[in-house]
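*Asks:* To be precise about what I am sending: the file is called model-v8.pdb and holds PDB, C-alpha atoms.
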```pdb
MODEL        1
ATOM      1  CA  MET F   9      20.596  -6.471 -22.959
ATOM      2  CA  GLU F  10      20.256  -9.665 -24.995
ATOM      3  CA  THR F  11      22.414 -11.467 -22.453
ATOM      4  CA  THR F  12      20.175 -10.251 -19.626
ATOM      5  CA  ASP F  13      17.042 -11.283 -21.511
ATOM      6  CA  ALA F  14      18.518 -14.733 -22.003
ATOM      7  CA  ALA F  15      19.398 -14.927 -18.312
ATOM      8  CA  MET F  16      15.863 -13.878 -17.377
ATOM      9  CA  ALA F  17      14.326 -16.481 -19.661
ATOM     10  CA  ASP F  18      16.639 -19.135 -18.259
ATOM     11  CA  ALA F  19      15.770 -18.117 -14.690
ATOM     12  CA  HIS F  20      12.037 -18.399 -15.358
ATOM     13  CA  GLU F  21      12.572 -21.802 -16.949
ATOM     14  CA  ARG F  22      14.676 -22.980 -14.010
ATOM     15  CA  ALA F  23      12.093 -21.679 -11.536
ATOM     16  CA  ALA F  24       9.541 -24.086 -12.958
ATOM     17  CA  THR F  25      11.751 -27.044 -12.087
ATOM     18  CA  VAL F  26      13.970 -26.095  -9.134
ATOM     19  CA  GLY F  27      11.987 -23.299  -7.485
ATOM     20  CA  ILE F  28      12.326 -19.536  -7.440
ATOM     21  CA  ARG F  29      15.008 -19.316  -4.761
ATOM     22  CA  ARG F  30      17.468 -21.569  -6.571
ATOM     23  CA  ALA F  31      16.616 -20.075  -9.953
ATOM     24  CA  ALA F  32      17.358 -16.593  -8.614
ATOM     25  CA  ARG F  33      20.850 -17.437  -7.364
ATOM     26  CA  PRO F  34      22.718 -16.757 -10.633
ATOM     27  CA  LEU F  35      20.948 -13.422 -11.029
ATOM     28  CA  ARG F  36      21.678 -12.446  -7.420
ATOM     29  CA  SER F  37      25.323 -13.397  -7.806
ATOM     30  CA  ALA F  38      25.591 -11.275 -10.928
ATOM     31  CA  LEU F  39      23.838  -8.359  -9.210
ATOM     32  CA  GLU F  40      26.218  -8.587  -6.253
ATOM     33  CA  ARG F  41      29.060  -7.983  -8.684
ATOM     34  CA  ASP F  42      27.267  -5.061 -10.331
ATOM     35  CA  PRO F  43      24.549  -3.547  -8.089
ATOM     36  CA  LYS F  44      23.841  -0.815 -10.644
ATOM     37  CA  ASP F  45      22.816  -3.216 -13.398
ATOM     38  CA  VAL F  46      19.164  -2.235 -13.744
ATOM     39  CA  ASP F  47      18.457  -5.063 -16.180
ATOM     40  CA  LEU F  48      19.650  -7.717 -13.746
ATOM     41  CA  ARG F  49      17.646  -6.086 -10.976
ATOM     42  CA  ALA F  50      14.562  -6.007 -13.197
ATOM     43  CA  ALA F  51      15.086  -9.680 -14.035
ATOM     44  CA  LEU F  52      15.092 -10.595 -10.342
ATOM     45  CA  VAL F  53      11.976  -8.523  -9.738
ATOM     46  CA  SER F  54      10.232 -10.192 -12.673
ATOM     47  CA  LEU F  55      11.159 -13.651 -11.423
ATOM     48  CA  TYR F  56       9.890 -13.085  -7.898
ATOM     49  CA  ARG F  57       6.793 -11.251  -9.110
ATOM     50  CA  ALA F  58       5.885 -14.154 -11.380
ATOM     51  CA  GLY F  59       6.205 -16.467  -8.387
ATOM     52  CA  GLY F  60       3.984 -14.292  -6.198
ATOM     53  CA  ALA F  61       6.791 -13.381  -3.774
ATOM     54  CA  LEU F  62       5.862  -9.716  -3.469
ATOM     55  CA  GLU F  63       8.243  -8.946  -0.615
ATOM     56  CA  GLN F  64      11.189 -10.302  -2.603
ATOM     57  CA  ALA F  65      10.143  -8.372  -5.697
ATOM     58  CA  GLY F  66      10.043  -5.250  -3.527
ATOM     59  CA  ARG F  67      13.423  -6.156  -2.067
ATOM     60  CA  TYR F  68      15.129  -5.676  -5.405
ATOM     61  CA  SER F  69      12.921  -2.898  -6.783
ATOM     62  CA  VAL F  70      12.810  -0.652  -3.711
ATOM     63  CA  VAL F  71      15.082   1.984  -5.293
ATOM     64  CA  ALA F  72      13.504   1.808  -8.753
ATOM     65  CA  PRO F  73      11.490   4.880  -9.822
ATOM     66  CA  ASP F  74       8.691   2.631 -11.091
ATOM     67  CA  ALA F  75       8.645   0.254  -8.115
ATOM     68  CA  ASP F  76       5.268  -1.298  -7.344
ATOM     69  CA  PRO F  77       3.986   0.282  -4.083
ATOM     70  CA  ASP F  78       2.389  -2.991  -2.962
ATOM     71  CA  GLU F  79       5.667  -4.862  -3.420
ATOM     72  CA  VAL F  80       7.686  -2.207  -1.597
ATOM     73  CA  SER F  81       5.116  -2.218   1.207
ATOM     74  CA  ALA F  82       5.355  -6.017   1.429
ATOM     75  CA  TYR F  83       9.149  -5.758   1.596
ATOM     76  CA  LEU F  84       8.919  -3.137   4.334
ATOM     77  CA  ARG F  85       6.664  -5.422   6.386
ATOM     78  CA  TRP F  86       9.085  -8.299   5.862
ATOM     79  CA  ALA F  87      12.114  -6.179   6.796
ATOM     80  CA  ILE F  88      10.420  -4.915   9.967
ATOM     81  CA  ALA F  89       9.479  -8.482  10.906
ATOM     82  CA  GLN F  90      13.137  -9.464  10.449
ATOM     83  CA  GLY F  91      14.236  -6.621  12.717
ATOM     84  CA  ALA F  92      16.344  -5.181   9.903
ATOM     85  CA  ASP F  93      17.790  -1.677  10.088
ATOM     86  CA  GLU F  94      18.738   0.530   7.142
ATOM     87  CA  ALA F  95      22.183  -1.025   6.754
ATOM     88  CA  ARG F  96      20.716  -4.521   6.766
ATOM     89  CA  VAL F  97      18.085  -3.554   4.202
ATOM     90  CA  ARG F  98      20.744  -2.100   1.930
ATOM     91  CA  HIS F  99      22.670  -5.357   2.199
ATOM     92  CA  LEU F 100      19.566  -7.448   1.541
ATOM     93  CA  SER F 101      18.669  -5.355  -1.499
ATOM     94  CA  LEU F 102      22.231  -5.486  -2.874
ATOM     95  CA  LEU F 103      22.636  -1.715  -2.993
ATOM     96  CA  ASP F 104      25.912   0.161  -3.129
ATOM     97  CA  ASP F 105      26.648   3.514  -1.486
ATOM     98  CA  SER F 106      25.447   5.486  -4.495
ATOM     99  CA  GLN F 107      21.938   3.982  -4.374
ATOM    100  CA  PRO F 108      19.961   5.682  -1.590
ATOM    101  CA  LEU F 109      16.813   4.133  -0.192
ATOM    102  CA  PRO F 110      13.656   6.267  -0.473
ATOM    103  CA  GLU F 111      13.402   8.637   2.492
ATOM    104  CA  ASP F 112       9.870   7.586   3.406
ATOM    105  CA  PHE F 113      10.920   3.921   3.355
ATOM    106  CA  VAL F 114      13.814   4.657   5.729
ATOM    107  CA  ALA F 115      11.551   6.686   8.028
ATOM    108  CA  ASP F 116       8.902   3.967   8.155
ATOM    109  CA  LEU F 117      11.549   1.304   8.710
ATOM    110  CA  ALA F 118      13.027   3.239  11.635
ATOM    111  CA  ALA F 119       9.571   3.797  13.125
ATOM    112  CA  GLY F 120       8.542   0.191  12.561
ATOM    113  CA  ARG F 121       5.392   1.190  10.728
ATOM    114  CA  VAL F 122       3.905   0.246   7.387
ATOM    115  CA  ARG F 123       1.681   2.700   5.589
ATOM    116  CA  ARG F 124      -1.104   1.343   3.457
ATOM    117  CA  THR F 125      -0.761   1.943  -0.239
ATOM    118  CA  PRO F 126      -3.758   3.544  -2.003
ATOM    119  CA  ALA F 127      -4.622   0.170  -3.549
ATOM    120  CA  GLU F 128      -4.504  -1.517  -0.143
ATOM    121  CA  ALA F 129      -6.772   1.181   1.277
ATOM    122  CA  TRP F 130      -9.356   0.520  -1.447
ATOM    123  CA  ASP F 131      -9.063  -3.222  -0.832
ATOM    124  CA  GLU F 132      -9.794  -2.582   2.833
ATOM    125  CA  LEU F 133     -12.865  -0.526   1.942
ATOM    126  CA  GLY F 134     -14.027  -3.368  -0.276
ATOM    127  CA  GLY F 135     -13.545  -5.790   2.587
ATOM    128  CA  THR F 136     -15.628  -3.540   4.827
ATOM    129  CA  ALA F 137     -18.406  -3.529   2.236
ATOM    130  CA  MET F 138     -18.266  -7.332   2.133
ATOM    131  CA  PHE F 139     -18.623  -7.387   5.922
ATOM    132  CA  VAL F 140     -21.653  -5.105   5.634
ATOM    133  CA  PHE F 141     -23.073  -7.481   3.034
ATOM    134  CA  ALA F 142     -22.683 -10.439   5.399
ATOM    135  CA  ALA F 143     -24.245  -8.477   8.250
ATOM    136  CA  LEU F 144     -27.199  -7.528   6.052
ATOM    137  CA  ILE F 145     -27.809 -11.180   5.212
ATOM    138  CA  VAL F 146     -28.016 -12.088   8.889
ATOM    139  CA  ILE F 147     -30.185  -9.093   9.757
ATOM    140  CA  THR F 148     -32.561  -9.736   6.855
ATOM    141  CA  LEU F 149     -32.936 -13.423   7.666
ATOM    142  CA  VAL F 150     -33.644 -12.692  11.319
ATOM    143  CA  ALA F 151     -36.021  -9.848  10.475
ATOM    144  CA  THR F 152     -37.883 -11.908   7.866
ATOM    145  CA  PHE F 153     -38.258 -14.817  10.280
ATOM    146  CA  ALA F 154     -39.578 -12.506  12.991
ATOM    147  CA  VAL F 155     -41.989 -10.787  10.609
ATOM    148  CA  VAL F 156     -43.319 -14.112   9.321
ATOM    149  CA  ILE F 157     -44.220 -14.985  12.905
ATOM    150  CA  PHE F 158     -45.638 -11.654  14.029
ATOM    151  CA  TRP F 159     -46.699  -9.816  10.858
ATOM    152  CA  ALA F 160     -46.683 -12.122   7.848
ATOM    153  CA  PRO F 161     -47.918  -9.592   5.237
ATOM    154  CA  ALA F 162     -44.747  -7.539   5.682
ATOM    155  CA  ALA F 163     -42.383 -10.465   5.043
ATOM    156  CA  PRO F 164     -42.146  -9.970   1.241
ATOM    157  CA  PHE F 165     -41.325  -6.295   1.753
ATOM    158  CA  ILE F 166     -38.514  -7.106   4.200
ATOM    159  CA  ALA F 167     -37.075  -9.808   1.944
ATOM    160  CA  HIS F 168     -37.202  -7.550  -1.120
ATOM    161  CA  PHE F 169     -35.697  -4.607   0.747
ATOM    162  CA  GLY F 170     -32.895  -6.761   2.130
ATOM    163  CA  SER F 171     -32.038  -8.289  -1.249
ATOM    164  CA  ARG F 172     -31.659  -4.838  -2.797
ATOM    165  CA  LEU F 173     -29.421  -3.725   0.047
ATOM    166  CA  PHE F 174     -27.330  -6.860  -0.561
ATOM    167  CA  ALA F 175     -26.895  -5.807  -4.168
ATOM    168  CA  LEU F 176     -25.858  -2.277  -3.221
ATOM    169  CA  ALA F 177     -23.324  -3.564  -0.685
ATOM    170  CA  TRP F 178     -21.877  -5.891  -3.328
ATOM    171  CA  ALA F 179     -21.807  -2.978  -5.791
ATOM    172  CA  VAL F 180     -19.747  -0.877  -3.383
ATOM    173  CA  ALA F 181     -17.384  -3.790  -2.699
ATOM    174  CA  PHE F 182     -16.770  -4.488  -6.382
ATOM    175  CA  ALA F 183     -16.312  -0.773  -7.068
ATOM    176  CA  CYS F 184     -13.614  -0.587  -4.382
ATOM    177  CA  PHE F 185     -11.867  -3.680  -5.709
ATOM    178  CA  ALA F 186     -12.055  -2.250  -9.239
ATOM    179  CA  VAL F 187     -10.329   0.949  -8.113
ATOM    180  CA  ALA F 188      -7.652  -1.109  -6.345
ATOM    181  CA  ASP F 189      -7.018  -3.107  -9.516
ATOM    182  CA  ALA F 190      -6.890   0.082 -11.572
ATOM    183  CA  LEU F 191      -4.259   1.523  -9.224
ATOM    184  CA  ARG F 192      -2.258  -1.673  -9.719
ATOM    185  CA  HIS F 193      -2.625  -1.318 -13.501
ATOM    186  CA  ARG F 194      -4.635  -4.531 -13.746
ATOM    187  CA  GLY F 195      -6.881  -3.408 -16.554
ATOM    188  CA  LYS F 196      -8.897  -6.582 -17.063
ATOM    189  CA  GLY F 197      -9.611  -7.045 -13.376
ATOM    190  CA  ALA F 198     -10.638  -3.418 -12.980
ATOM    191  CA  ALA F 199     -12.876  -3.622 -16.052
ATOM    192  CA  TRP F 200     -14.909  -6.697 -15.134
ATOM    193  CA  LYS F 201     -15.249  -5.686 -11.492
ATOM    194  CA  GLY F 202     -16.384  -2.245 -12.585
ATOM    195  CA  VAL F 203     -19.024  -3.762 -14.863
ATOM    196  CA  VAL F 204     -20.266  -6.062 -12.094
ATOM    197  CA  SER F 205     -20.435  -3.082  -9.742
ATOM    198  CA  VAL F 206     -22.574  -1.089 -12.175
ATOM    199  CA  VAL F 207     -24.926  -4.022 -12.806
ATOM    200  CA  LEU F 208     -25.385  -4.652  -9.088
ATOM    201  CA  PHE F 209     -25.919  -0.966  -8.385
ATOM    202  CA  VAL F 210     -28.579  -0.680 -11.084
ATOM    203  CA  PHE F 211     -30.286  -3.841  -9.814
ATOM    204  CA  GLY F 212     -30.264  -2.635  -6.220
ATOM    205  CA  ALA F 213     -31.269   0.952  -6.929
ATOM    206  CA  ALA F 214     -34.017  -0.018  -9.383
ATOM    207  CA  GLY F 215     -35.382  -2.505  -6.885
ATOM    208  CA  LEU F 216     -35.556   0.098  -4.136
ATOM    209  CA  VAL F 217     -37.271   2.569  -6.447
ATOM    210  CA  SER F 218     -39.790  -0.109  -7.397
ATOM    211  CA  LEU F 219     -40.309  -1.023  -3.769
ATOM    212  CA  PHE F 220     -41.120   2.498  -2.668
ATOM    213  CA  THR F 221     -43.173   3.482  -5.700
ATOM    214  CA  GLY F 222     -45.760   0.822  -5.679
ATOM    215  CA  GLY F 223     -44.810  -2.774  -5.958
ATOM    216  CA  PHE F 224     -42.333  -5.596  -5.779
TER     217      PHE F 224
ENDMDL
END
```
In structure tokens, write the structure found in this file.

*Replies:*
Amino acid sequence: METTDAAMADAHERAATVGIRRAARPLRSALERDPKDVDLRAALVSLYRAGGALEQAGRYSVVAPDADPDEVSAYLRWAIAQGADEARVRHLSLLDDSQPLPEDFVADLAAGRVRRTPAEAWDELGGTAMFVFAALIVITLVATFAVVIFWAPAAPFIAHFGSRLFALAWAVAFACFAVADALRHRGKGAAWKGVVSVVLFVFGAAGLVSLFTGGF
């Protein structure tokens, strides 16, 4: 284990000077000789993860019980784009005959489809909320401009109403992104996005209550 830790530390140090691909070569060579060495495999995953190469991290962690779903999904997309079949994927991931690929991965590979992970689904919902936010900005600006021309007294109401809807849309977006971060075990990101979501929701909801109960 100490030897593997030293190799991992050396690989990370080399990556800073020669790049991830070259730094990973010694680890890959060692893993080729012993595909069942979980420490070497974990070292490769750590190296690629630190460099932001999710598909390569998934490449070497695909059979691990604690594999990151986002990384495995990225690897699946990459493998499909390469036109790889199961045998090719096994070769790319340096697996021997006793290391089966997950059944759902094999099925998705054969079908050429990539299922969204739960975190990706929440990210997509957050993106939709951001789109709604942008649409609300345009609608509010157009509506306010029109009201100023045709019914000026209502302009403050429209502007106030729109701003509170902006806040609620942002609140939903940040809530979705917070859930996605939580699913990825990114505690700090989930925490601050959750706090921002609550603040925006309170601001938006309180503003709407104020608007419809007497004043703004």

*Asks:* May I ask for the distance between atom CA of Phe153 of chain F and atom CA of Thr136 of chain F, given in Å to one decimal place?

*Replies:*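 Interatomic distance here is 25.9 Å.
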
*Asks:* Which residue, F:Tyr56, F:Phe211, F:Trp86, F:Phe182, has the smallest gap to Ala198 of chain F when you use all atoms listed in the file?

*Replies:*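 Checking each of F:Tyr56, F:Phe211, F:Trp86, F:Phe182 against Ala198 of chain F, counting all atoms listed in the file, the winner is F:Phe182.
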
*Asks:* Just how far from atom CA of Ser101 of chain F is atom CA of Arg33 of chain F, in Å to one decimal?

*Replies:*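 Taking atom CA of Arg33 of chain F as the start and atom CA of Ser101 of chain F as the end point, the length is 13.6 Å.
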
*Asks:* Could you check which of F:Arg192, F:Arg121, F:Arg36, F:Arg96 is closest to Tyr68 of chain F, using all atoms listed in the file?

*Replies:*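 Of F:Arg192, F:Arg121, F:Arg36, F:Arg96, the one nearest Tyr68 of chain F is F:Arg36, counting all atoms listed in the file.
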
*Asks:* One decimal, Å: what's the distance from atom CA of Leu55 of chain F over to atom CA of Phe185 of chain F, could you say?

*Replies:*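 These atoms are spaced 25.7 Å apart.
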
*Asks:* Which is closer to Glu132 of chain F than all the others in F:Val203, F:Ala51, F:Leu219, F:Ala188, using only C-alpha atoms?

*Replies:*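 Of the candidates, the smallest distance to Glu132 of chain F is held by F:Ala188.
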
*Asks:* Choose the residue, out of F:Ala92, F:Val70, F:Ala142, F:Val180, that has the smallest atom-to-atom separation from Pro108 of chain F; count all atoms listed in the file.

*Replies:* F:Val70

*Asks:* Kindly resolve the PyMOL selection byres ((chain F and resi 169) around 12) on the present coordinates and return the residues as a PyMOL selection string.

*Replies:* chain F and resi 144-145+147-149+151-152+162-168+170-176+211-220+223-224

*Asks:* Kindly indicate which residue among F:His99, F:His193, F:Lys201, F:Arg123 lies nearest to Asp76 of chain F, using only C-alpha atoms for the distances.

*Replies:*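 The shortest atom-to-atom distance to Asp76 of chain F comes from F:His193.
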
*Asks:* Using all atoms listed in the file, which residues sit within 9 Å of Val80 of chain F once same-chain residues fewer than 2 positions away are excluded, as a list of chain:residue names?

*Replies:*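 Final neighbour list, sorted by chain and number: F:Leu62, F:Glu63, F:Gln64, F:Ala65, F:Gly66, F:Arg67, F:Ser69, F:Val70, F:Ala75, F:Asp76, F:Pro77, F:Asp78, F:Ala82, F:Tyr83, F:Leu84, F:Arg85, F:Phe113.
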